[in-house]
Amino acid sequence: MSDTTQTYADIGPSSGAKFRQRFLPIAIFAAIILAIPMLDPSRTMLALMHQMAIYIVFALAYNMLLGKGGMLSFGHAVYFGLGGYFCMHAMNWIEEGGIWGAYPTFFLPLLGFLAGGVAAAVIGSFSTRRAGTTFAMISLGVAELIFAGAFMFDSLFGGEQGISGDRMNGPEVFGLTMGPQQDIYWFMAFWTILSVIAMYAFTRTPLGRLSEATRDNPQRVEFIGYNPTRVRWLVFTASGAFAGLAGGMSAVNYEIFTPEALSLIPSGFVLIMAYVGGITYFAGPIMGAILLTYMSSMLSDFTEAWLLYLGLMFVVIVMYAPRGIAGIVFGFWDGIRGSNPGAYLTNWLIRLFGSLLMLLGLIILVEVSVRWSNGWGEVFEPFGMHFPHESILTWIAIFVPLGAGAAILRHVTREKEEMAA
Amino acid sequence: METIVFALLNGVIYGLLLFMLSSGLTLIFSMMGVLNFAHASFYMLGAYFAYTIMGATSFWLALFIAPILVGLVGAVVERYGLRKVHANGHVAELLFTFGLAYLIEEVVKIVYGKTAVDYKIPDLLNFPAFTIYGASFPAYRMFMLFIAIGMLIGLWFLLKKTRAGLIIQAALTHPHMVGHLGHNVPLIFMTVFGIGCAMAGLAGVIAGNIFVTDPAMAVQMGPIVFVVVVVGGIGSLEGAFLASLLIGLIQNFAVGINASFAEIFWFTGLSPTSEIGDITISSLAPVMPFLILVLILIFRPRGLMGEQEL
């Protein structure tokens, strides 16, 4: 009898597993960030990476809410924006000197953290009373209210032009003047790594665990003696605080904040980022932030319809891969280490081929349509090919890959279902 | 005096327009538990479809065909999109419709261009209906009023007086029981979704030409409609009706009031040149629905007519 009883320590993961699962990924992430300056990235690359850093923190903060807390917010940019605005004002106070003059701009995100947290605590006090759809609608209404209200108080939000400042004031920290992009890189690296660790640590705290429990079954949480509303409120406040921190990073990076930063557009963007990356994994939003920031800056140079591709990607992920890109990556990793890696790989490659075929047809369709709609007589000419919208060949090039890809995917899905049955 | 009469009329018309959108949204929500984020996008599609059909034939044909087309699009979305996502829960459904709203806007931009299209009021209705105190009221607005009231009566008749309405009402609360009685519940869901979208489309047809028909019209309308649904009490048709009229009237009366905060709160000594004193009631009009939302949430969290606490 005695050998069946297990102590708490026995059922927990071994220290080796803990090291591999909890310490190693973050250490690798930090090492990559710290190693990047050795490659001597160009100014454009640096600007892009700074943007990625901001969005990594913002998307992770958002996922505290959506992934871990089960609260879908359509207006989380409010806390990002309010945090950022507070930092912009603080930046200007630092420039004016006085007691503020002793505050280093390097630590501005800390103020953003506080401002975002306070704003989220106040708004969350009534918006987190219910979860689910109601919460989503309230977040939307509150975001619209604050966005519209921002235009009424020019001294706080600066109207259309927003508020701008100069980050090269105040005392220097770590020998960084905060002027050149390279200095800002270290600033970004510091705050990104710190927030990633802090947000990961948050998931390990009792509150982080309770937030997952509240997401899955608020009634049971109530039965064991916790108040789900209070848990949601605390998680919401923490998430708003980290969003404010990201806003502070953005304030230092761009030295300007406009009311647009509070609108539904950045809120929707961070939602798409977190979801496309995969909300069930801690690393998901990081992947989503990196991919989507890259797409938004690179793809928008190639095609004016990039928002359509973004929307399509989002809908496809919601419909066919609800665990996001992280789910695809980790699923693939598990699959090739599974019992039958050969069959898995073949199946995976066929599905990839089918998806690529459909993507090909779709890209031609969208690009030809965009040029047709503009009416400037411009013709879609990728890689020396020629796709005028009057030519029947163009439409063959669109619908044959689309149809073939769809047929392949359908066939694979059927086969799988038959095998399962 | 004429300000009050006009604000009242415009408020009722705008309120009924909101109800055309929020009633479909409420029906869909109470039946499937899905808050259709793309609902206002169907409103936009209605306006654009009507613009195309009006260009080819006439406004009167568009009035009938455009909502039907929008309803069909809605049914297809339900059948091949929503039904697939349904297994993943309500948040996934909400996210799907969120993505759909995004997609519809981008596709509209490609097909119709990024700027507003010239969707006009039909010549037959382009005259003043009546004149009071020297100001005239356009006949088209009266036409909108009649269409909206007609739809209201039609919806009430369909839900309360027909067999189909009976089945729909039953499926709202007890979908499994209705299924056991031999009705095709997925088909009912698809039909209701289609009808809801068609009503939004009809609202777009009659509103697109007095407001602006551009790709941003969905984003402008959407949040207000959600506010209506939450203020009315999620899932309550009567509540949606009340909240629609309330918000329609408040917004239209607010537009007509030019008093600033400094004038209203003169006893506090608020300076008219200060930032807060300078705010006028009319400038608050666009924010009104959201202010009402926050107030309702603080003081009556279940909404006007909601049965349970939100």
# chains A, B, ... in the order shown; residues from 1 in each chain; ligands from 1
>>> residues_around(residues="segment 193-209 of chain B", least_positions_apart="6", cutoff="9 Å", atoms="only C-alpha atoms", output="PyMOL selection string")
chain B and resi 17-18+20-28+39-51+62-64+66-78+118-121+140+143-144+147-148+151+217
>>> select_by_dssp(residues="segment 4-248 of chain B", states="alpha helix (DSSP H)", output="PyMOL selection string")
chain B and resi 4-32+39-56+59-77+83-85+90-112+139-161+163-173+175-180+185-207+217-232+237-248
>>> interface_residues(of="chain A", to="chain B", cutoff="9 Å", atoms="only C-alpha atoms", output="PDB file with C-alpha atoms, in the first residue's frame")
ATOM      1  CA  GLY A  70      -9.869  33.625 -21.880  1.00  0.00           C
ATOM      2  CA  MET A  71     -10.807  37.283 -22.247  1.00  0.00           C
ATOM      3  CA  LEU A  72     -11.091  38.453 -25.839  1.00  0.00           C
ATOM      4  CA  PHE A 126     -16.373  47.375 -14.435  1.00  0.00           C
ATOM      5  CA  SER A 127     -15.391  45.704 -17.714  1.00  0.00           C
ATOM      6  CA  ARG A 129     -17.443  41.634 -14.434  1.00  0.00           C
ATOM      7  CA  ARG A 130     -18.174  39.111 -17.157  1.00  0.00           C
ATOM      8  CA  GLY A 132     -16.674  35.911 -23.026  1.00  0.00           C
ATOM      9  CA  THR A 133     -18.669  37.791 -25.617  1.00  0.00           C
ATOM     10  CA  THR A 134     -19.908  40.494 -23.258  1.00  0.00           C
ATOM     11  CA  MET A 137     -18.185  44.005 -26.661  1.00  0.00           C
ATOM     12  CA  ILE A 138     -17.412  46.145 -23.618  1.00  0.00           C
ATOM     13  CA  LEU A 140     -14.783  47.548 -27.984  1.00  0.00           C
ATOM     14  CA  GLY A 141     -17.112  50.212 -26.583  1.00  0.00           C
ATOM     15  CA  VAL A 142     -14.584  51.465 -24.044  1.00  0.00           C
ATOM     16  CA  ALA A 143     -11.890  51.646 -26.723  1.00  0.00           C
ATOM     17  CA  GLU A 144     -14.154  53.711 -28.980  1.00  0.00           C
ATOM     18  CA  LEU A 145     -15.025  55.989 -26.070  1.00  0.00           C
ATOM     19  CA  ILE A 146     -11.402  56.641 -25.161  1.00  0.00           C
ATOM     20  CA  ALA A 148     -13.084  59.593 -29.433  1.00  0.00           C
ATOM     21  CA  GLY A 149     -12.435  61.286 -26.106  1.00  0.00           C
ATOM     22  CA  MET A 152     -11.331  66.389 -27.061  1.00  0.00           C
ATOM     23  CA  PHE A 153      -8.391  66.859 -24.718  1.00  0.00           C
ATOM     24  CA  ASP A 154      -5.628  68.321 -26.807  1.00  0.00           C
ATOM     25  CA  SER A 155      -3.391  69.159 -23.866  1.00  0.00           C
ATOM     26  CA  GLY A 268      -7.093  44.427 -33.996  1.00  0.00           C
ATOM     27  CA  ILE A 272      -4.348  38.965 -35.046  1.00  0.00           C
ATOM     28  CA  ALA A 305      -3.479  44.227 -50.906  1.00  0.00           C
ATOM     29  CA  LEU A 307      -4.154  43.651 -45.533  1.00  0.00           C
ATOM     30  CA  LEU A 308      -6.285  41.235 -47.523  1.00  0.00           C
ATOM     31  CA  TYR A 309      -3.577  38.588 -47.212  1.00  0.00           C
ATOM     32  CA  LEU A 310      -3.385  39.317 -43.511  1.00  0.00           C
ATOM     33  CA  GLY A 311      -7.144  38.884 -43.138  1.00  0.00           C
ATOM     34  CA  LEU A 312      -7.086  35.691 -45.197  1.00  0.00           C
ATOM     35  CA  MET A 313      -4.257  34.289 -43.113  1.00  0.00           C
ATOM     36  CA  PHE A 314      -6.157  35.087 -39.942  1.00  0.00           C
ATOM     37  CA  VAL A 315      -9.387  33.452 -41.144  1.00  0.00           C
ATOM     38  CA  VAL A 316      -7.530  30.370 -42.399  1.00  0.00           C
ATOM     39  CA  VAL A 318      -9.038  30.411 -37.140  1.00  0.00           C
ATOM     40  CA  MET A 319     -10.703  27.787 -39.330  1.00  0.00           C
ATOM     41  CA  TYR A 320      -7.991  25.219 -39.919  1.00  0.00           C
ATOM     42  CA  PRO A 322      -6.684  27.205 -34.221  1.00  0.00           C
ATOM     43  CA  VAL A 366      -5.751  39.039 -55.826  1.00  0.00           C
ATOM     44  CA  SER A 369      -7.959  41.968 -59.358  1.00  0.00           C
ATOM     45  CA  VAL A 370      -6.175  44.808 -57.587  1.00  0.00           C
ATOM     46  CA  ARG A 371      -4.628  46.048 -60.826  1.00  0.00           C
ATOM     47  CA  TRP A 372      -7.871  45.587 -62.719  1.00  0.00           C
ATOM     48  CA  SER A 373      -9.754  47.550 -60.057  1.00  0.00           C
ATOM     49  CA  ASN A 374      -7.228  50.407 -60.026  1.00  0.00           C
TER      50      ASN A 374
END
>>> atom_distance(atom1="atom CA of Ala139 of chain B", atom2="atom CA of Trp156 of chain B")
25.8 Å
>>> residues_around(residues="segment 341-353 of chain A", least_positions_apart="4", cutoff="10 Å", atoms="only C-alpha atoms", output="PyMOL selection string")
chain A and resi 332-337+357-359+405-406+408-413+416
>>> write_last_selection(atoms="N, CA and C atoms", output="CSV table (one decimal), in the first residue's frame")
chain,number,residue,atom,x,y,z
A,332,PHE,N,4.5,19.7,-35.9
A,332,PHE,CA,5.4,19.0,-36.8
A,332,PHE,C,6.5,18.4,-36.1
A,333,TRP,N,7.0,19.0,-35.1
A,333,TRP,CA,8.1,18.5,-34.3
A,333,TRP,C,7.7,17.2,-33.6
A,334,ASP,N,6.5,17.2,-33.0
A,334,ASP,CA,6.0,16.0,-32.4
A,334,ASP,C,5.7,14.9,-33.4
A,335,GLY,N,5.2,15.3,-34.6
A,335,GLY,CA,4.9,14.3,-35.7
A,335,GLY,C,6.1,13.6,-36.1
A,336,ILE,N,7.2,14.3,-36.4
A,336,ILE,CA,8.4,13.6,-36.9
A,336,ILE,C,9.1,12.8,-35.9
A,337,ARG,N,8.8,13.1,-34.6
A,337,ARG,CA,9.4,12.2,-33.5
A,337,ARG,C,8.4,11.1,-33.1
A,357,LEU,N,-0.3,25.3,-53.7
A,357,LEU,CA,-1.0,25.5,-55.0
A,357,LEU,C,-2.1,26.5,-54.9
A,358,MET,N,-2.9,26.3,-53.8
A,358,MET,CA,-4.0,27.2,-53.6
A,358,MET,C,-3.5,28.7,-53.4
A,359,LEU,N,-2.4,28.8,-52.6
A,359,LEU,CA,-1.9,30.1,-52.4
A,359,LEU,C,-1.5,30.8,-53.7
A,405,GLY,N,-5.3,22.5,-55.8
A,405,GLY,CA,-4.9,22.5,-54.4
A,405,GLY,C,-6.1,22.1,-53.5
A,406,ALA,N,-7.3,22.6,-53.8
A,406,ALA,CA,-8.4,22.3,-53.0
A,406,ALA,C,-8.7,20.8,-53.1
A,408,ILE,N,-6.6,18.3,-53.7
A,408,ILE,CA,-5.6,17.6,-53.0
A,408,ILE,C,-5.8,17.6,-51.5
A,409,LEU,N,-6.1,18.8,-50.9
A,409,LEU,CA,-6.4,19.0,-49.5
A,409,LEU,C,-7.6,18.2,-49.1
A,410,ARG,N,-8.6,18.2,-49.9
A,410,ARG,CA,-9.8,17.5,-49.6
A,410,ARG,C,-9.6,16.0,-49.6
A,411,HIS,N,-8.8,15.5,-50.6
A,411,HIS,CA,-8.5,14.1,-50.6
A,411,HIS,C,-7.7,13.7,-49.4
A,412,VAL,N,-6.7,14.5,-49.0
A,412,VAL,CA,-5.9,14.1,-47.8
A,412,VAL,C,-6.8,14.0,-46.6
A,413,THR,N,-7.7,15.0,-46.4
A,413,THR,CA,-8.5,15.1,-45.2
A,413,THR,C,-9.4,13.9,-45.2
A,416,LYS,N,-7.6,10.7,-44.2
A,416,LYS,CA,-7.3,10.7,-42.8
A,416,LYS,C,-8.6,10.3,-42.0
>>> closest_residue(among="A:Leu365, A:Ala241, A:Val379, A:Leu111", to="Phe399 of chain A", atoms="only C-alpha atoms")
A:Leu365
>>> residues_around(residues="Val173 of chain A", least_positions_apart="3", cutoff="9 Å", atoms="only C-alpha atoms", output="VMD selection string")
chain A and resid 104 to 107 176 to 177
>>> write_last_selection(atoms="C-alpha atoms", output="PDB file, in the first residue's frame")
ATOM      1  CA  PRO A 104      16.679  58.475 -16.997  1.00  0.00           C
ATOM      2  CA  THR A 105      14.718  57.996 -20.236  1.00  0.00           C
ATOM      3  CA  PHE A 106      16.003  54.423 -20.226  1.00  0.00           C
ATOM      4  CA  PHE A 107      13.527  53.621 -17.469  1.00  0.00           C
ATOM      5  CA  LEU A 176      23.793  54.722 -23.382  1.00  0.00           C
ATOM      6  CA  THR A 177      23.075  58.183 -24.771  1.00  0.00           C
TER       7      THR A 177
END
>>> select_by_dssp(residues="segment 64-183 of chain A", states="strand (DSSP E or B)", output="PDB file with C-alpha atoms, in the first residue's frame")
ATOM      1  CA  ILE A 163       2.662  64.539 -28.607  1.00  0.00           C
ATOM      2  CA  SER A 164       6.325  64.416 -29.522  1.00  0.00           C
ATOM      3  CA  VAL A 173      22.296  54.720 -17.784  1.00  0.00           C
ATOM      4  CA  LEU A 176      23.793  54.722 -23.382  1.00  0.00           C
TER       5      LEU A 176
END
>>> closest_residue(among="A:Ala404, A:Leu245, A:Leu210, A:Ile56", to="Gly117 of chain A", atoms="only C-alpha atoms")
A:Leu245
>>> closest_residue(among="A:Phe113, A:Tyr85, A:Phe157, A:Phe147", to="Ala61 of chain A", atoms="only C-alpha atoms")
A:Phe113
>>> residues_around(residues="segment 385-387 of chain A", least_positions_apart="6", cutoff="10 Å", atoms="only C-alpha atoms", output="VMD selection string")
chain A and resid 364 to 365 367 to 368 379 393 to 395 397 to 398
>>> residues_around(residues="Arg209 of chain A", least_positions_apart="6", cutoff="12 Å", atoms="only C-alpha atoms", output="JSON, numbers by chain")
{"A": [64, 68, 69, 200, 201, 202, 203, 215, 216, 221, 231, 232, 235]}
>>> residues_around(residues="Gly165 of chain B", least_positions_apart="2", cutoff="12 Å", atoms="only C-alpha atoms", output="list of chain:residue names")
B:Leu27, B:Gly154, B:Leu155, B:Trp156, B:Phe157, B:Leu158, B:Leu159, B:Lys160, B:Lys161, B:Thr162, B:Arg163, B:Ile167, B:Ile168, B:Gln169, B:Ala170, B:Ala171, B:Leu172, B:Ile188, B:Thr191, B:Val192
>>> write_last_selection(atoms="N, CA and C atoms", output="short mmCIF file (atom, residue, chain, number, x, y, z; two decimals), in the first residue's frame")
data_model
loop_
_atom_site.label_atom_id
_atom_site.label_comp_id
_atom_site.auth_asym_id
_atom_site.auth_seq_id
_atom_site.Cartn_x
_atom_site.Cartn_y
_atom_site.Cartn_z
N LEU B 27 -31.05 38.21 -32.80
CA LEU B 27 -31.62 36.91 -33.17
C LEU B 27 -30.51 35.88 -33.34
N GLY B 154 -43.10 43.26 -40.18
CA GLY B 154 -42.84 41.98 -40.83
C GLY B 154 -42.13 41.01 -39.89
N LEU B 155 -41.13 41.52 -39.20
CA LEU B 155 -40.36 40.67 -38.28
C LEU B 155 -41.25 40.18 -37.15
N TRP B 156 -42.05 41.11 -36.61
CA TRP B 156 -42.95 40.73 -35.51
C TRP B 156 -43.93 39.67 -35.99
N PHE B 157 -44.48 39.87 -37.21
CA PHE B 157 -45.45 38.91 -37.75
C PHE B 157 -44.79 37.55 -37.95
N LEU B 158 -43.58 37.58 -38.53
CA LEU B 158 -42.88 36.32 -38.80
C LEU B 158 -42.62 35.55 -37.51
N LEU B 159 -42.17 36.27 -36.48
CA LEU B 159 -41.77 35.58 -35.26
C LEU B 159 -42.97 35.14 -34.41
N LYS B 160 -44.02 35.97 -34.39
CA LYS B 160 -45.09 35.71 -33.44
C LYS B 160 -46.30 35.04 -34.07
N LYS B 161 -46.49 35.18 -35.37
CA LYS B 161 -47.75 34.75 -35.95
C LYS B 161 -47.63 33.59 -36.94
N THR B 162 -46.43 33.20 -37.27
CA THR B 162 -46.33 32.11 -38.25
C THR B 162 -45.75 30.87 -37.58
N ARG B 163 -45.96 29.74 -38.25
CA ARG B 163 -45.44 28.48 -37.76
C ARG B 163 -43.91 28.50 -37.76
N ILE B 167 -41.23 27.83 -34.67
CA ILE B 167 -40.10 26.91 -34.65
C ILE B 167 -38.81 27.66 -34.32
N ILE B 168 -38.66 28.84 -34.92
CA ILE B 168 -37.45 29.64 -34.64
C ILE B 168 -37.38 29.97 -33.16
N GLN B 169 -38.50 30.41 -32.60
CA GLN B 169 -38.51 30.75 -31.17
C GLN B 169 -38.17 29.55 -30.31
N ALA B 170 -38.68 28.40 -30.72
CA ALA B 170 -38.37 27.20 -29.96
C ALA B 170 -36.90 26.86 -30.07
N ALA B 171 -36.35 27.02 -31.29
CA ALA B 171 -34.95 26.68 -31.50
C ALA B 171 -34.02 27.63 -30.76
N LEU B 172 -34.53 28.84 -30.43
CA LEU B 172 -33.71 29.79 -29.68
C LEU B 172 -33.32 29.22 -28.34
N ILE B 188 -32.29 25.69 -39.90
CA ILE B 188 -32.93 26.83 -39.24
C ILE B 188 -31.88 27.88 -38.91
N THR B 191 -30.84 29.67 -42.00
CA THR B 191 -31.88 30.59 -42.46
C THR B 191 -31.92 31.85 -41.60
N VAL B 192 -31.86 31.66 -40.28
CA VAL B 192 -31.92 32.82 -39.40
C VAL B 192 -30.71 33.71 -39.63
#
